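Asker: Below: one structure in structure tokens.
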Amino acid sequence: MAVGGDEIVKPRTDKREYRRIVLSNSLQVLLISDPETDKSSASMSVGVGAFSDPVGLEGLAHFLEHMLFYASDKYPEEDSYSKYISEHGGKTNAFTASEKTNYYFDVNNDCFEDALDRFAQFFIKPLMSADATTREIKAVDSGSYYLLNEPLFFPPAFQKHVSSEGHPYHKFSTGNWDTLEVRPKAKGLDTRQELIKFYEEHYSANLMHLVIYAKESLDQLQGIIEEKFQAIQNHEKSCFSFPGQPCSSEHLQILVRAVPIQQGHKLSMVWPITPGILHYKEGPARYLGHLIGHEAEGSVFYVLKTLGWATSLSAGEGDGTKEFSFFNVSIDLTDAGHEHMQDVVGLLFKYILLLQQSGVCKWIFDELAAVCQTEFHYQDKIPPIDYVVRISSHMQKYPPEDWLVGSSLPSNFNPGTIQMFLDQLSQESVRIFWISKNFEGEANMVEPWYGTAYSIEKVPTSMIQNWVQSAPDKNLHLPLPNVFVPTDLSVKDAKEKVVLPTLLRKSSCLSLWYKPDTMFFTPKAYIKIDFSCPLASASPEASVLKDIFARLLMDYLNEYAYYAQVAGLYYGIGKTNSGFQVTVLGYNHKLRILLETVIEKIATFKVDPDRFAVIKETVMKEYENYKFQQPYQQAMYYCSLILQDQTWPWMEELEVLSQLQADDLARFTPMMMSRAFLECYIAGNIERDEAESISTQIEDAFFKGPKPISQPLFSSQHLTNRVVKLDRGMDYIYPVEGLNTKDENSALVHYIQVHRDDFKLNVKLQLFGLLAKQAAFHQLRSVEQLGYITVLMQRNDSGIRGLQFIIQSTVKGPGQIDLRVKNFLSMYESKLREMSNDEFKSNVNALIDMKLEKLKNLREESSLYWREISDGTLKFDRKECEVAALRQLTQDELLEFFNDYIKVDAPQKRTLSIRVYGSPHSSELAADRSEQLPPNCFEIGDIFTFRRSQPLYGSFRGGVGHMKL
């Protein structure tokens with residue numbers, strides 16, 4: 001039955017229609033009709049999660065989530081659901097949380113009803129075959145290995161481990177071979193039967209919330225949903241509830257020292273609090289998170305940063321349910337901060353005491369509420385798949401009128417509630433987690449699932465009070481009123497209906513690309529400035545110094561710009577291969593004020609030796625932690641290093657970094673800036689005259705005056721993007737041992753280089769990728785169980801296009817995985833030949849629909865056009881041109897393309913296999929190297945000797961004029 005949608009609070013700028021309905025089986029549904037959408041989407045949130053795992057079957061809810069993707073009674077062919085979604089321009093996924101499991105997908109509009117029918121079968125009659133069950137346990141186990149080696153400071157499961165064993169919060173929720181196969185079997189349990197039993201007991205329609213997003217009218221959507229989802233059984237189950245707190249007195253007032261995988265020091269302070277969901281309109285945790293997490297002058301972070309003790313601080317409500325929650329303050333410490341941990345804790349409690357003494361401030365709440373109001377009512381459109389997941393997750397927690405809002409609109413000022421939350425951040429209830437490699441050898445306990453070594457001690461109130469008293473006496477104070485809160489949210493009428501970016505002006509110093517907002521009509525703007533400086537990449541030293549330069553600029557601006565960030569204005573400064581980039585985006589009203597400050601800070605840059613030391617330490621740790629990257633990430637890094645000219649290896653950068661001092665940066669910066677060319681892109685709610693005025697102001701700041709900071713580039717200095725050209729008919733191999741000898745994963749990147757940007761070849765490559773992506777995942781991951789990470793994706797290096805298989809595995813070494821990839825391509829060849837004309841046309845149409853999908857917001861549009869500018873391709877009408885090429889493409893042409901470029905032993909084929917050997921397969925590395933290679937195979941010994949010996953593709957960048965294909 002329809003319940004209505006008028007009561008649902010929605011943004012003022014939102015033209016979509018909403019309707020809440022409840023089916024006769026008690027399934028709650030939100031229908032969203034958007035006639036302008038190019039994608040349809042659905043998300044089902046089932047009110048059961050890892051907290052409901054039976055004892056001795058940890059990870060069963062997560063395992064069930066995996067199993068529902070395989071097959072159903074109505075669609076018994078294995079993987080047919082995922083195949084259908086993939087071949088019709090969509091994607092699908094799921095996740096398991098504590099109290100819910102969420103399944104979601106999107107697909108091209110014309111296939112939505114058929115996709116929904118397949119999706120509904122997850123919840124009506126799935127097939128869970130014995131064979132598929134065994135295979136997917138291995139996939140879950142492989143995923144647990146992935147998480148085990150994910151280079152976090154420590155896994156989120158660790159805080160759960162230090163809690164009451166009888167509370168579900170304590171549970172290991174991921175599952176692995178031990179919990180899903182070995183232990184159940186030892187108890188005489190059949191995991192498949194337990195899986196079916198769990199499904200039948202918990203997957204009840206009255207615990208489900210469904211969101212549907214499509215272009216059809218609400219009445220049409222209601223008819224479809226009533227037909228397809230009515231058959232879900234309603235077992236009248238109650239929502240999972242476990243009253244009580246996960247932390248008893250023994251888990252409070254504790255100091256836990258833990259040993260992470262990575263270098264670095266982190267301090268997390270955690271308090272059990274009243275769940276914020278119970279007071280979501282009063283926003284007490286948001287109010288406290290705003291103040292404790294503030295970064296402007298007077299804040300905890302500002303003081304810690306000034307002392308050189310911390311590089312980041314975040315605060316806010318974390319994991320929780322309606323029964324319990326936690327407030328977290330997480331601080332990344334420097335080496336000096338690690339030595340002053342007690343002072344850091346003392347400073348934080350001093351600030352909490354300041355909040356107690358200051359009382360709850362209505363002006364701060366009102367300012368925060370105003371910022372939230374603006375953010376909600378002028379929010380960007382996001383992809384439907386993200387929107388439906390967000391809303392379905394809200395439906396279990398909030399009343400229908402707030403399904404779209406969630407807790408994002410604090411509106412009721414209640415100082416008593418905020419004070420209650422503040423009182424809970426006490427010295428008596430704190431949990432302190434202190435994480436550092438310095439504790440190796442000192443920890444006397446081990447967390448069982450992830451192997452984290454740790455120790456626990458009690459910290460009495462008297463000890464914390466001593467820390468507070470001995471903490472530095474610094475001027476902590478509340479933030480000032482925020483001058484960046486926008487008050488002019490008017491949308492300017494773009495006099496020119498410019499469809500694509502236009503080159504407004506070009507000089508020897510600067511080019512200005514301009515694109516007014518003619519699509520989104522929001523009071524926002526986007527500005528990017530690329531500083532191309534030839535001396536910024538001349539050596540490993542230069543590469544490291546420009547990185548520290550960019551980070552120092554961000555560091556210097558932080559106190560000032562944090563107010564802008566709170567008010568919805570964002571900026572970033574980061575290194576590029578050819579120099580550095582500045583990006584500013586958000587509400588246009590006060591954006592220029594922020595931009596002018598950023599430009600002025602660059603133009604007057606001076607090196608602060610103390611801050612240089614802190615940034616250098618941070619960068620050093622990042623480099624040292626490279627060896628803890630996942631093996632597949634290492635393989636992708638090596639692939640880029642081999643292909644991209646004028647890039648330096650991280651080992652060389654680390655070597656020079658240790659020798660660099662503040663004086664080196666002081667000498668380097670004016671030299672780097674002495675010759676430059678600025679590429680500017682200005683878009684959004686900004687008129688042409690203002691865009692030109694901004695670019696002139698930028699140019700004047702660097703190139704004008706009696707002593708200009710920069711001179712224009714000589715014509716010989718304009719930088720290019722050059723990519724190594726692999727030889728036709730050759731198979732290159734780069735075998736290397738994994739950097740982390742304790743990691744049991746091996747990895748392969750099997751890269752096939754195809755062509756330099758060309759519309760016809762682009763669409764052939766894209767169509768093949770669309771056709772083969774799901775088939776590769778199903779064969780290599782689901783059937784052969786090679787590993788949790790199994791991906792076939794396209795690759796684009798500055799306009800040089802190709803395909804890459806990325807696979808990470810504990811069960812096979814990279815040489816064997818490479819053979820499986822080639823075997824897949826041989827097997828897929830026959831499928832490609834047998835494909836019907838209807839299937840070919842269906843996939844072509846799916847790809848056309850994907851290409852014609854409208855951009856969702858200004859950031860998405862700007863990123864798309866900036867890629868064209870950055871690569872130098874300047875094909876702003878790429879979508880339309882590629883669609884025209886697709887409409888002309890024949891099946892024979894696709895087969896010819898496969899035979900020439902992709903097929904095993906194809907005459908035009910250029911292949912590069914990066915093989916990273918994990919610890920179980922290290923013995924295979926020597927064996928693989930000793931094998932006699934066939935004539936068309938070449939093993940790369942030294943990357944740079946190889947790179948210097950190869951020809952390079954021509955660069956799109958650095959040329960003159962608009963390049964045509």
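Scheme for the structure tokens: letters A, B, ... for chains in order shown; per-chain residue numbers from 1; ligand numbers from 1 in order shown.
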Where does DSSP see helix (DSSP H, G or I) in segment 247-492 of chain A, if you list the residues as a ChimeraX atom specification?
Answerer: /A:249-251,276-279,284-292,300-306,335-339,341-358,362-377,384-395,400-402,415-424,437-439,461-470
Asker: Name all residues at most 12 Å from Lys197 of chain A (count only C-alpha atoms; drop same-chain ones fewer than 3 positions away) and give them as a list in words.
Answerer: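 In the requested form, the answer reads Asp53, Pro54, Leu60, Ala61, Leu64, Met128, Leu189, Asp190, Thr191, Arg192, Gln193, Glu194, Glu200, Glu201, His202 and Tyr203 of chain A.
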Asker: Keeping C-alpha atoms, export the residues of the selection given above as a PDB file, in the first residue's frame.
Answerer:
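To be explicit, this is the file written out as selection.pdb:
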ATOM      1  CA  ASP A  53      26.472 -14.713  13.813  1.00  0.00           C
ATOM      2  CA  PRO A  54      25.981 -17.973  15.750  1.00  0.00           C
ATOM      3  CA  LEU A  60      28.427 -16.446   8.729  1.00  0.00           C
ATOM      4  CA  ALA A  61      26.389 -13.289   7.940  1.00  0.00           C
ATOM      5  CA  LEU A  64      25.824 -15.426   3.327  1.00  0.00           C
ATOM      6  CA  MET A 128      23.333 -22.272  -2.257  1.00  0.00           C
ATOM      7  CA  LEU A 189      28.269 -28.912  11.799  1.00  0.00           C
ATOM      8  CA  ASP A 190      27.604 -28.630   8.071  1.00  0.00           C
ATOM      9  CA  THR A 191      28.350 -24.994   7.137  1.00  0.00           C
ATOM     10  CA  ARG A 192      25.978 -25.074   4.165  1.00  0.00           C
ATOM     11  CA  GLN A 193      23.086 -26.305   6.315  1.00  0.00           C
ATOM     12  CA  GLU A 194      23.896 -23.636   8.926  1.00  0.00           C
ATOM     13  CA  GLU A 200      15.571 -18.848   6.723  1.00  0.00           C
ATOM     14  CA  GLU A 201      15.638 -17.565  10.292  1.00  0.00           C
ATOM     15  CA  HIS A 202      16.758 -14.002   9.643  1.00  0.00           C
ATOM     16  CA  TYR A 203      15.930 -12.925   6.078  1.00  0.00           C
TER      17      TYR A 203
END
Asker: I want to know what sits within 10 Å of Ile212 of chain A, based on only C-alpha atoms, with residues of the same chain fewer than 2 positions away left out; could you give that as an MDAnalysis selection string?
Answerer: chainID A and resid 18 29:33 40:44 116 210 214 218 221:222 225 384:385 388 392
Asker: Would you pick out the contacts of Gly47 of chain A at 9 Å or less, using only C-alpha atoms, so that residues sharing its chain but fewer than 5 positions from it are not included, and give the list as a ChimeraX atom specification?
Answerer: /A:99-102,202-204,206-209,239-240,396
Asker: Kindly give the distance, in Å, that separates atom CA of Asp14 of chain A and atom CA of Gln379 of chain A, rounded to a single decimal.
Answerer: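 Straight-line distance from atom CA of Asp14 of chain A to atom CA of Gln379 of chain A works out to 9.1 Å.
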Asker: State, in Å with one decimal place, the distance from atom CA of Thr647 of chain A to atom CA of Ser539 of chain A.
Answerer: 8.9 Å
Asker: Counting only C-alpha atoms, which residue out of A:Asn176, A:Glu622, A:Lys160, A:Ile698 sits closest to Ile137 of chain A?
Answerer: A:Asn176
Asker: If you count only C-alpha atoms, which residues fall within 8 Å of Gly958 of chain A, apart from same-chain ones fewer than 5 positions away, as number ranges by chain?
Answerer: A: 718-720, 872
Asker: Which one is closest to Phe702 of chain A: A:Ser674, A:Ser86, A:Asn745, A:Gln794? Count only C-alpha atoms.
Answerer: A:Ser674
